[in-house]
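Enquirer: Sharing coords_21.pdb here; it has PDB, C-alpha atoms.
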ATOM      1  CA  MET A   1       0.000   0.000   0.000
ATOM      2  CA  ARG A   2       1.381   3.394  -0.983
ATOM      3  CA  PRO A   3       0.511   5.803   1.844
ATOM      4  CA  VAL A   4       1.107   8.821  -0.389
ATOM      5  CA  ILE A   5      -2.188   8.238  -2.226
ATOM      6  CA  PRO A   6      -4.575   8.708   0.726
ATOM      7  CA  TYR A   7      -2.342  11.446   2.131
ATOM      8  CA  VAL A   8      -2.585  13.447  -1.096
ATOM      9  CA  THR A   9      -6.339  12.825  -1.212
ATOM     10  CA  ALA A  10      -6.652  14.208   2.298
ATOM     11  CA  ALA A  11      -4.504  17.254   1.510
ATOM     12  CA  LEU A  12      -6.588  18.083  -1.563
ATOM     13  CA  LEU A  13      -9.839  17.638   0.367
ATOM     14  CA  PHE A  14      -8.564  19.962   3.081
ATOM     15  CA  GLY A  15      -7.706  22.591   0.490
ATOM     16  CA  LEU A  16     -11.183  22.235  -1.003
ATOM     17  CA  GLY A  17     -12.702  22.687   2.454
ATOM     18  CA  VAL A  18     -10.694  25.858   3.047
ATOM     19  CA  TYR A  19     -11.773  27.171  -0.340
ATOM     20  CA  GLY A  20     -15.411  26.356   0.391
ATOM     21  CA  VAL A  21     -15.407  28.027   3.805
ATOM     22  CA  LEU A  22     -13.915  31.195   2.338
ATOM     23  CA  ARG A  23     -15.985  31.229  -0.827
ATOM     24  CA  ARG A  24     -19.494  30.302   0.225
ATOM     25  CA  ARG A  25     -21.935  32.856   1.575
ATOM     26  CA  ASN A  26     -24.685  30.441   2.595
ATOM     27  CA  ALA A  27     -24.122  29.246   6.162
ATOM     28  CA  VAL A  28     -25.268  25.689   5.444
ATOM     29  CA  LEU A  29     -22.733  25.410   2.623
ATOM     30  CA  VAL A  30     -20.044  26.743   4.945
ATOM     31  CA  LEU A  31     -20.891  23.926   7.354
ATOM     32  CA  MET A  32     -20.603  21.408   4.508
ATOM     33  CA  ALA A  33     -17.137  22.729   3.679
ATOM     34  CA  VAL A  34     -16.181  22.395   7.351
ATOM     35  CA  GLU A  35     -17.265  18.752   7.141
ATOM     36  CA  LEU A  36     -14.917  18.313   4.186
ATOM     37  CA  MET A  37     -12.014  19.617   6.277
ATOM     38  CA  LEU A  38     -12.882  17.372   9.222
ATOM     39  CA  ASN A  39     -13.014  14.373   6.910
ATOM     40  CA  ALA A  40      -9.620  15.230   5.475
ATOM     41  CA  VAL A  41      -8.216  15.196   8.998
ATOM     42  CA  ASN A  42      -9.891  11.841   9.636
ATOM     43  CA  LEU A  43      -8.320  10.388   6.516
ATOM     44  CA  ILE A  44      -4.916  11.642   7.652
ATOM     45  CA  LEU A  45      -5.422   9.989  11.044
ATOM     46  CA  VAL A  46      -6.517   6.657   9.621
ATOM     47  CA  THR A  47      -3.672   6.619   7.088
ATOM     48  CA  ALA A  48      -1.152   7.525   9.777
ATOM     49  CA  ASP A  49      -2.489   4.599  11.779
ATOM     50  CA  THR A  50      -1.350   2.267   9.002
ATOM     51  CA  THR A  51       2.028   3.901   8.421
ATOM     52  CA  VAL A  52       3.202   4.666  11.939
ATOM     53  CA  ARG A  53       3.876   1.785  14.272
ATOM     54  CA  ALA A  54       2.908   3.303  17.607
ATOM     55  CA  VAL A  55       3.162   1.799  21.064
ATOM     56  CA  LEU A  56      -0.598   1.681  21.360
ATOM     57  CA  PRO A  57      -2.149  -0.058  18.359
ATOM     58  CA  HIS A  58      -4.935   1.664  16.450
ATOM     59  CA  SER A  59      -4.487   5.042  18.135
ATOM     60  CA  GLY A  60      -5.155   6.836  14.865
ATOM     61  CA  GLN A  61      -8.439   5.063  14.340
ATOM     62  CA  VAL A  62      -9.523   5.817  17.903
ATOM     63  CA  PHE A  63      -8.740   9.479  17.281
ATOM     64  CA  ALA A  64     -10.698   9.349  14.031
ATOM     65  CA  LEU A  65     -13.694   8.081  15.995
ATOM     66  CA  PHE A  66     -13.266  10.938  18.464
ATOM     67  CA  VAL A  67     -13.149  13.454  15.623
ATOM     68  CA  ILE A  68     -16.351  11.982  14.186
ATOM     69  CA  VAL A  69     -18.061  12.488  17.545
ATOM     70  CA  LEU A  70     -16.772  16.063  17.685
ATOM     71  CA  ALA A  71     -18.092  16.676  14.176
ATOM     72  CA  ALA A  72     -21.517  15.403  15.181
ATOM     73  CA  ALA A  73     -21.607  17.753  18.174
ATOM     74  CA  GLU A  74     -20.364  20.624  16.022
ATOM     75  CA  ILE A  75     -22.988  20.094  13.353
ATOM     76  CA  GLY A  76     -25.758  19.979  15.948
ATOM     77  CA  VAL A  77     -24.830  23.276  17.567
ATOM     78  CA  GLY A  78     -23.946  24.841  14.204
ATOM     79  CA  LEU A  79     -27.324  24.025  12.708
ATOM     80  CA  ALA A  80     -29.092  25.337  15.793
ATOM     81  CA  ILE A  81     -27.246  28.633  15.282
ATOM     82  CA  VAL A  82     -28.058  28.668  11.565
ATOM     83  CA  LEU A  83     -31.744  28.040  12.144
ATOM     84  CA  GLN A  84     -31.867  30.728  14.818
ATOM     85  CA  LEU A  85     -30.187  33.120  12.388
ATOM     86  CA  TYR A  86     -32.769  32.253   9.772
ATOM     87  CA  ARG A  87     -35.588  32.906  12.229
ATOM     88  CA  LEU A  88     -34.155  36.333  13.040
ATOM     89  CA  ARG A  89     -33.095  37.478   9.619
ATOM     90  CA  ALA A  90     -34.977  35.302   7.113
ATOM     91  CA  SER A  91     -31.652  34.646   5.434
ATOM     92  CA  VAL A  92     -28.589  32.553   6.176
ATOM     93  CA  THR A  93     -26.050  34.716   4.386
ATOM     94  CA  VAL A  94     -22.975  34.938   6.553
ATOM     95  CA  ASP A  95     -21.967  38.283   5.043
ATOM     96  CA  ASP A  96     -24.984  39.959   6.602
ATOM     97  CA  VAL A  97     -24.215  38.931  10.170
ATOM     98  CA  PRO A  98     -22.994  41.925  12.156
ATOM     99  CA  LEU A  99     -19.854  41.151  14.085
ATOM    100  CA  THR A 100     -19.844  44.163  16.373
ATOM    101  CA  GLU A 101     -21.864  44.710  19.487
ATOM    102  CA  PRO A 102     -24.715  47.108  18.729
ATOM    103  CA  SER A 103     -24.667  50.428  20.554
ATOM    104  CA  GLY A 104     -27.602  52.350  21.945
ATOM    105  CA  ASP A 105     -31.010  50.974  22.780
ATOM    106  CA  ARG A 106     -31.407  47.309  22.227
ATOM    107  CA  ALA A 107     -35.027  46.840  21.315
ATOM    108  CA  GLY A 108     -35.162  48.741  18.057
ATOM    109  CA  SER A 109     -31.680  48.541  16.562
ATOM    110  CA  THR A 110     -31.233  46.344  13.515
ATOM    111  CA  GLY A 111     -27.799  45.063  14.389
ATOM    112  CA  ASP A 112     -28.989  43.418  17.566
ATOM    113  CA  VAL A 113     -28.619  39.670  17.396
ATOM    114  CA  VAL A 114     -28.235  38.244  20.854
ATOM    115  CA  ALA A 115     -29.944  40.457  23.365
ATOM    116  CA  GLY A 116     -32.838  41.656  21.303
ATOM    117  CA  SER A 117     -33.509  38.481  19.348
ATOM    118  CA  ALA A 118     -36.608  37.552  21.248
ATOM    119  CA  GLY A 119     -37.713  41.167  21.094
ATOM    120  CA  ALA A 120     -37.483  41.269  17.305
ATOM    121  CA  ARG A 121     -39.442  38.072  17.069
ATOM    122  CA  ALA A 122     -42.086  39.225  19.486
ATOM    123  CA  GLU A 123     -42.530  42.465  17.565
ATOM    124  CA  ALA A 124     -42.659  40.611  14.266
ATOM    125  CA  GLY A 125     -45.222  38.251  15.689
ATOM    126  CA  ARG A 126     -47.617  40.962  16.816
TER     127      ARG A 126
ATOM    128  CA  MET B 127       0.694  -0.824  -7.884
ATOM    129  CA  THR B 128      -1.277  -3.392  -6.021
ATOM    130  CA  GLY B 129      -5.024  -3.790  -5.883
ATOM    131  CA  ALA B 130      -5.206  -1.685  -2.751
ATOM    132  CA  ASP B 131      -3.388   1.156  -4.518
ATOM    133  CA  VAL B 132      -5.760   1.065  -7.454
ATOM    134  CA  LEU B 133      -8.748   1.098  -5.122
ATOM    135  CA  LEU B 134      -7.286   3.970  -3.109
ATOM    136  CA  LEU B 135      -6.633   5.952  -6.284
ATOM    137  CA  ALA B 136     -10.135   5.398  -7.618
ATOM    138  CA  LEU B 137     -11.866   6.187  -4.322
ATOM    139  CA  GLY B 138      -9.630   9.205  -3.777
ATOM    140  CA  ALA B 139     -10.489  10.497  -7.238
ATOM    141  CA  VAL B 140     -14.194  10.075  -6.492
ATOM    142  CA  ALA B 141     -13.800  11.818  -3.127
ATOM    143  CA  VAL B 142     -11.854  14.775  -4.512
ATOM    144  CA  GLY B 143     -14.108  15.091  -7.559
ATOM    145  CA  SER B 144     -17.297  15.152  -5.531
ATOM    146  CA  GLY B 145     -15.585  17.471  -3.047
ATOM    147  CA  VAL B 146     -14.957  19.903  -5.897
ATOM    148  CA  LEU B 147     -18.631  19.686  -6.798
ATOM    149  CA  VAL B 148     -19.656  20.297  -3.160
ATOM    150  CA  VAL B 149     -17.813  23.604  -3.069
ATOM    151  CA  ALA B 150     -18.605  24.584  -6.673
ATOM    152  CA  THR B 151     -22.207  23.632  -7.385
ATOM    153  CA  LYS B 152     -24.937  26.235  -7.617
ATOM    154  CA  HIS B 153     -27.642  23.935  -6.229
ATOM    155  CA  LEU B 154     -27.892  23.722  -2.456
ATOM    156  CA  VAL B 155     -29.495  20.287  -2.346
ATOM    157  CA  ARG B 156     -27.036  18.892  -4.858
ATOM    158  CA  ALA B 157     -24.167  20.074  -2.673
ATOM    159  CA  GLY B 158     -25.565  17.885   0.117
ATOM    160  CA  LEU B 159     -25.915  14.900  -2.202
ATOM    161  CA  TYR B 160     -22.375  15.315  -3.542
ATOM    162  CA  LEU B 161     -21.265  15.418   0.081
ATOM    163  CA  VAL B 162     -22.865  11.984   0.520
ATOM    164  CA  LEU B 163     -20.804  10.724  -2.406
ATOM    165  CA  CYS B 164     -17.615  12.243  -1.009
ATOM    166  CA  LEU B 165     -18.161  10.799   2.477
ATOM    167  CA  GLY B 166     -19.073   7.401   1.039
ATOM    168  CA  ALA B 167     -15.884   7.318  -1.003
ATOM    169  CA  LEU B 168     -13.942   8.191   2.138
ATOM    170  CA  ALA B 169     -15.654   5.320   3.961
ATOM    171  CA  GLY B 170     -14.430   3.058   1.155
ATOM    172  CA  ASP B 171     -10.939   4.491   1.679
ATOM    173  CA  TYR B 172     -11.149   3.581   5.357
ATOM    174  CA  LEU B 173     -12.165   0.048   4.457
ATOM    175  CA  VAL B 174      -9.163  -0.326   2.164
ATOM    176  CA  LEU B 175      -6.959   1.079   4.937
ATOM    177  CA  THR B 176      -8.269  -1.731   7.206
ATOM    178  CA  ALA B 177     -10.194   0.637   9.472
ATOM    179  CA  GLU B 178     -13.420  -1.365   9.428
ATOM    180  CA  LEU B 179     -15.099   0.132  12.477
ATOM    181  CA  VAL B 180     -14.268   3.707  11.466
ATOM    182  CA  ALA B 181     -15.676   3.052   7.996
ATOM    183  CA  TRP B 182     -19.010   1.832   9.311
ATOM    184  CA  VAL B 183     -19.205   4.585  11.903
ATOM    185  CA  GLN B 184     -18.524   7.027   9.079
ATOM    186  CA  VAL B 185     -21.410   5.622   7.070
ATOM    187  CA  LEU B 186     -23.668   5.579  10.116
ATOM    188  CA  ILE B 187     -22.937   9.027  11.529
ATOM    189  CA  TYR B 188     -21.808  11.115   8.587
ATOM    190  CA  VAL B 189     -23.867   9.768   5.738
ATOM    191  CA  GLY B 190     -26.745   8.781   7.985
ATOM    192  CA  ALA B 191     -26.993  11.613  10.463
ATOM    193  CA  VAL B 192     -24.873  14.632   9.534
ATOM    194  CA  VAL B 193     -25.933  14.859   5.899
ATOM    195  CA  VAL B 194     -29.568  14.316   6.827
ATOM    196  CA  LEU B 195     -29.260  17.153   9.355
ATOM    197  CA  LEU B 196     -27.676  19.363   6.703
ATOM    198  CA  LEU B 197     -30.465  18.577   4.258
ATOM    199  CA  PHE B 198     -33.009  19.359   6.972
ATOM    200  CA  ALA B 199     -31.298  22.710   7.438
ATOM    201  CA  VAL B 200     -31.429  23.325   3.681
ATOM    202  CA  MET B 201     -35.150  22.651   3.722
ATOM    203  CA  LEU B 202     -35.907  24.608   6.915
ATOM    204  CA  THR B 203     -34.142  27.695   5.589
ATOM    205  CA  ARG B 204     -36.376  27.585   2.507
ATOM    206  CA  ALA B 205     -33.549  27.220   0.057
ATOM    207  CA  PRO B 206     -34.500  27.766  -3.570
ATOM    208  CA  ILE B 207     -35.031  24.610  -5.582
ATOM    209  CA  GLY B 208     -33.140  25.568  -8.714
ATOM    210  CA  ALA B 209     -29.730  27.083  -9.201
ATOM    211  CA  SER B 210     -29.074  30.181  -7.147
ATOM    212  CA  ASP B 211     -26.500  32.797  -8.056
ATOM    213  CA  ASP B 212     -25.974  34.416  -4.676
ATOM    214  CA  LEU B 213     -24.277  31.463  -2.959
ATOM    215  CA  ASP B 214     -20.732  32.661  -3.547
ATOM    216  CA  ARG B 215     -18.759  35.771  -2.953
ATOM    217  CA  PRO B 216     -16.075  36.772  -5.459
ATOM    218  CA  GLY B 217     -13.600  33.979  -5.318
ATOM    219  CA  TRP B 218     -10.021  34.955  -6.099
ATOM    220  CA  PRO B 219      -8.704  35.247  -2.517
ATOM    221  CA  ALA B 220     -10.536  32.068  -1.518
ATOM    222  CA  ALA B 221      -9.170  30.179  -4.526
ATOM    223  CA  LEU B 222      -5.682  31.455  -3.782
ATOM    224  CA  ILE B 223      -5.757  30.460  -0.112
ATOM    225  CA  GLY B 224      -7.488  27.148  -0.759
ATOM    226  CA  ALA B 225      -5.128  26.151  -3.544
ATOM    227  CA  GLY B 226      -2.176  27.300  -1.487
ATOM    228  CA  THR B 227      -3.253  25.211   1.497
ATOM    229  CA  GLY B 228      -4.105  22.122  -0.534
ATOM    230  CA  LEU B 229      -1.091  22.162  -2.804
ATOM    231  CA  GLY B 230       1.251  23.125   0.005
ATOM    232  CA  LEU B 231       0.102  20.196   2.118
ATOM    233  CA  THR B 232       0.294  17.950  -0.935
ATOM    234  CA  ALA B 233       3.886  18.976  -1.617
ATOM    235  CA  LEU B 234       4.779  18.436   2.038
ATOM    236  CA  LEU B 235       3.252  14.950   2.192
ATOM    237  CA  VAL B 236       4.613  13.859  -1.184
ATOM    238  CA  ASP B 237       8.056  14.987  -0.117
ATOM    239  CA  ALA B 238       7.697  13.117   3.169
ATOM    240  CA  PHE B 239       6.475   9.784   1.818
ATOM    241  CA  ARG B 240       7.622   9.675  -1.839
ATOM    242  CA  TRP B 241       6.532   6.421  -3.456
ATOM    243  CA  SER B 242       7.276   4.223  -0.461
ATOM    244  CA  THR B 243       5.207   1.211   0.490
ATOM    245  CA  VAL B 244       4.038  -0.050   3.855
ATOM    246  CA  GLU B 245       2.465  -3.281   4.901
ATOM    247  CA  LEU B 246      -1.122  -2.955   6.026
ATOM    248  CA  PRO B 247      -1.433  -3.721   9.748
ATOM    249  CA  ALA B 248      -3.987  -5.939  11.427
ATOM    250  CA  ALA B 249      -7.529  -4.807  10.757
ATOM    251  CA  GLY B 250      -9.116  -2.314  13.125
ATOM    252  CA  THR B 251     -12.106  -4.436  13.997
ATOM    253  CA  ALA B 252     -14.678  -3.463  16.583
ATOM    254  CA  GLU B 253     -12.977  -5.771  19.053
ATOM    255  CA  GLY B 254      -9.536  -4.205  18.651
ATOM    256  CA  ILE B 255     -10.772  -0.623  18.637
ATOM    257  CA  GLY B 256     -13.079  -1.220  21.576
ATOM    258  CA  GLU B 257     -10.237  -2.734  23.548
ATOM    259  CA  GLN B 258      -8.124   0.353  22.878
ATOM    260  CA  VAL B 259     -10.927   2.804  23.645
ATOM    261  CA  PHE B 260     -11.859   1.214  26.931
ATOM    262  CA  ARG B 261      -8.329   0.449  28.018
ATOM    263  CA  SER B 262      -6.076   3.323  26.935
ATOM    264  CA  TRP B 263      -8.514   6.094  26.019
ATOM    265  CA  VAL B 264     -11.185   5.870  28.684
ATOM    266  CA  LEU B 265     -10.741   9.413  29.964
ATOM    267  CA  PRO B 266     -11.055  11.124  26.560
ATOM    268  CA  PHE B 267     -14.043   8.912  25.856
ATOM    269  CA  GLU B 268     -15.795  10.092  29.006
ATOM    270  CA  VAL B 269     -14.879  13.718  28.321
ATOM    271  CA  LEU B 270     -16.388  13.332  24.863
ATOM    272  CA  SER B 271     -19.621  12.031  26.332
ATOM    273  CA  VAL B 272     -19.790  15.102  28.570
ATOM    274  CA  LEU B 273     -19.100  17.258  25.508
ATOM    275  CA  LEU B 274     -21.950  15.613  23.614
ATOM    276  CA  LEU B 275     -24.261  16.339  26.523
ATOM    277  CA  ALA B 276     -23.093  19.959  26.579
ATOM    278  CA  ALA B 277     -23.688  20.261  22.833
ATOM    279  CA  LEU B 278     -27.163  18.804  23.250
ATOM    280  CA  VAL B 279     -28.097  21.254  25.989
ATOM    281  CA  GLY B 280     -26.507  24.111  24.046
ATOM    282  CA  ALA B 281     -28.489  23.311  20.917
ATOM    283  CA  VAL B 282     -31.725  23.182  22.895
ATOM    284  CA  ILE B 283     -31.029  26.506  24.601
ATOM    285  CA  LEU B 284     -29.996  28.139  21.316
ATOM    286  CA  SER B 285     -33.187  27.136  19.603
ATOM    287  CA  ARG B 286     -35.394  28.273  22.495
ATOM    288  CA  PRO B 287     -34.790  31.990  23.065
ATOM    289  CA  ASP B 288     -37.356  32.126  25.864
ATOM    290  CA  ILE B 289     -34.922  30.255  28.105
ATOM    291  CA  GLY B 290     -32.683  32.581  30.052
ATOM    292  CA  ARG B 291     -34.289  35.776  28.871
ATOM    293  CA  ARG B 292     -33.766  38.644  31.259
ATOM    294  CA  PRO B 293     -37.000  39.989  32.728
ATOM    295  CA  ASP B 294     -36.137  43.647  32.081
ATOM    296  CA  THR B 295     -35.901  43.385  28.299
ATOM    297  CA  ALA B 296     -38.520  44.491  25.842
ATOM    298  CA  PRO B 297     -40.090  41.131  24.969
ATOM    299  CA  ALA B 298     -40.996  40.464  28.569
ATOM    300  CA  GLN B 299     -42.783  43.787  28.715
ATOM    301  CA  SER B 300     -44.570  43.100  25.474
ATOM    302  CA  ARG B 301     -45.609  39.717  26.764
ATOM    303  CA  THR B 302     -47.049  41.193  29.933
ATOM    304  CA  GLU B 303     -48.873  43.752  27.837
ATOM    305  CA  ALA B 304     -50.279  40.991  25.697
ATOM    306  CA  ILE B 305     -51.447  39.166  28.782
ATOM    307  CA  ARG B 306     -53.211  42.284  30.038
TER     308      ARG B 306
END
Could you spell out this file's structure in structure tokens?

Expert:
Amino acid sequence: MRPVIPYVTAALLFGLGVYGVLRRRNAVLVLMAVELMLNAVNLILVTADTTVRAVLPHSGQVFALFVIVLAAAEIGVGLAIVLQLYRLRASVTVDDVPLTEPSGDRAGSTGDVVAGSAGARAEAGR
Amino acid sequence: MTGADVLLLALGAVAVGSGVLVVATKHLVRAGLYLVLCLGALAGDYLVLTAELVAWVQVLIYVGAVVVLLLFAVMLTRAPIGASDDLDRPGWPAALIGAGTGLGLTALLVDAFRWSTVELPAAGTAEGIGEQVFRSWVLPFEVLSVLLLAALVGAVILSRPDIGRRPDTAPAQSRTEAIR
């Protein structure tokens, strides 16, 4: 088995994930690109498990399992955030998310994400 | 070139090709389906690399759960059915950084491993992996279970904004007004 083949696959997938995270504006597509990067890391770990003779056998595969669990947790919280963003803004474009803390009163300002979220929804629902 | 090499090449080509389509397609739903193809090809890679348990966990969790969650998110955010043009921002910096990362890592790994061969080790069956997890990696395993619980609670709290709302903010007032 030539270990360079899966290693190169993983490197290319990681590059694709980086490109996707930077290029995409839709938050769900950004999460998909993050999955690509996590899978590239998993492939590296599993391949390293076959090439490196460690003291503990199968450490790489155990770590790959741990990374899969982390990815599941990440996707759960990430999608909760995305859906909350969609409820607030009716769009999931990451460019439109304000990164700064809004100044002034919190009920009426448009840049208010965290503190006034329920307020915006309550006003929209009236 | 042995049979394993040919399989790894073919599955790697499928994975990279569908990965390109994931980050390049204009259809949101198709991006999710190409992701299924990419993750399935990677599961095949794991099988060839003798990581049986990881391959099946990959199919179970990634293809079964994560992609389904992503497709749910696509549907819940009312994504357009056809091609949409506003998915991308102008791409030259992203292409530059992505290509730089990918090709840089490729050059590094090719330089490190050349065209060398290794013997495949004993298969990572459920028995072997389970023995390792519950003998050498028990503490990280338990920490991960706590992390999963934290993620669960966090997701619930995030999707319910009425939890933890301060009583002095506007919505509380509006609610009391509505009750009156």

Enquirer: Figure out the distance between CA of Ile255 (chain B) and CA of Val46 (chain A), please, to one decimal in Å.

Expert: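 About the pair CA of Val46 (chain A) and CA of Ile255 (chain B): they are 12.3 Å apart.
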
Enquirer: Could you spell out the hits of the PyMOL selection byres ((chain A and resi 16) around 9) on the shown file, as JSON, numbers by chain?

Expert: {"A": [11, 12, 13, 14, 15, 17, 18, 19, 20, 21, 33, 36, 37], "B": [142, 145, 146, 148, 149, 221, 224, 225, 227, 228]}

Enquirer: Convert the current residue selection to file output with C-alpha atoms, as a PDB file, keeping the file's coordinate frame.

Expert:
ATOM      1  CA  ALA A  11      -4.504  17.254   1.510  1.00  0.00           C
ATOM      2  CA  LEU A  12      -6.588  18.083  -1.563  1.00  0.00           C
ATOM      3  CA  LEU A  13      -9.839  17.638   0.367  1.00  0.00           C
ATOM      4  CA  PHE A  14      -8.564  19.962   3.081  1.00  0.00           C
ATOM      5  CA  GLY A  15      -7.706  22.591   0.490  1.00  0.00           C
ATOM      6  CA  GLY A  17     -12.702  22.687   2.454  1.00  0.00           C
ATOM      7  CA  VAL A  18     -10.694  25.858   3.047  1.00  0.00           C
ATOM      8  CA  TYR A  19     -11.773  27.171  -0.340  1.00  0.00           C
ATOM      9  CA  GLY A  20     -15.411  26.356   0.391  1.00  0.00           C
ATOM     10  CA  VAL A  21     -15.407  28.027   3.805  1.00  0.00           C
ATOM     11  CA  ALA A  33     -17.137  22.729   3.679  1.00  0.00           C
ATOM     12  CA  LEU A  36     -14.917  18.313   4.186  1.00  0.00           C
ATOM     13  CA  MET A  37     -12.014  19.617   6.277  1.00  0.00           C
TER      14      MET A  37
ATOM     15  CA  VAL B 142     -11.854  14.775  -4.512  1.00  0.00           C
ATOM     16  CA  GLY B 145     -15.585  17.471  -3.047  1.00  0.00           C
ATOM     17  CA  VAL B 146     -14.957  19.903  -5.897  1.00  0.00           C
ATOM     18  CA  VAL B 148     -19.656  20.297  -3.160  1.00  0.00           C
ATOM     19  CA  VAL B 149     -17.813  23.604  -3.069  1.00  0.00           C
ATOM     20  CA  ALA B 221      -9.170  30.179  -4.526  1.00  0.00           C
ATOM     21  CA  GLY B 224      -7.488  27.148  -0.759  1.00  0.00           C
ATOM     22  CA  ALA B 225      -5.128  26.151  -3.544  1.00  0.00           C
ATOM     23  CA  THR B 227      -3.253  25.211   1.497  1.00  0.00           C
ATOM     24  CA  GLY B 228      -4.105  22.122  -0.534  1.00  0.00           C
TER      25      GLY B 228
END

Enquirer: Could you tell me how far CA of Val174 (chain B) sits from CA of Tyr160 (chain B), in Å to one decimal place?

Expert: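 CA of Val174 (chain B) lies at a distance of 21.3 Å from CA of Tyr160 (chain B).
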
Enquirer: Excluding Leu29 (chain A) and residues on its chain fewer than 5 positions from it, collect all residues at most 10 Å away from it, counting all atoms listed in the file, and give them as a PyMOL selection string.

Expert: (chain A and resi 20-21+23-24+34-35+92) or (chain B and resi 148-149+154-155+157-158+196+200+213-214)

Enquirer: When distances are computed from all atoms listed in the file, which of B:Arg261, B:Lys152, B:Arg204, B:Arg215 shows the smallest separation from chain A?

Expert: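 Between B:Arg261, B:Lys152, B:Arg204, B:Arg215, the residue approaching chain A most closely is B:Arg215.
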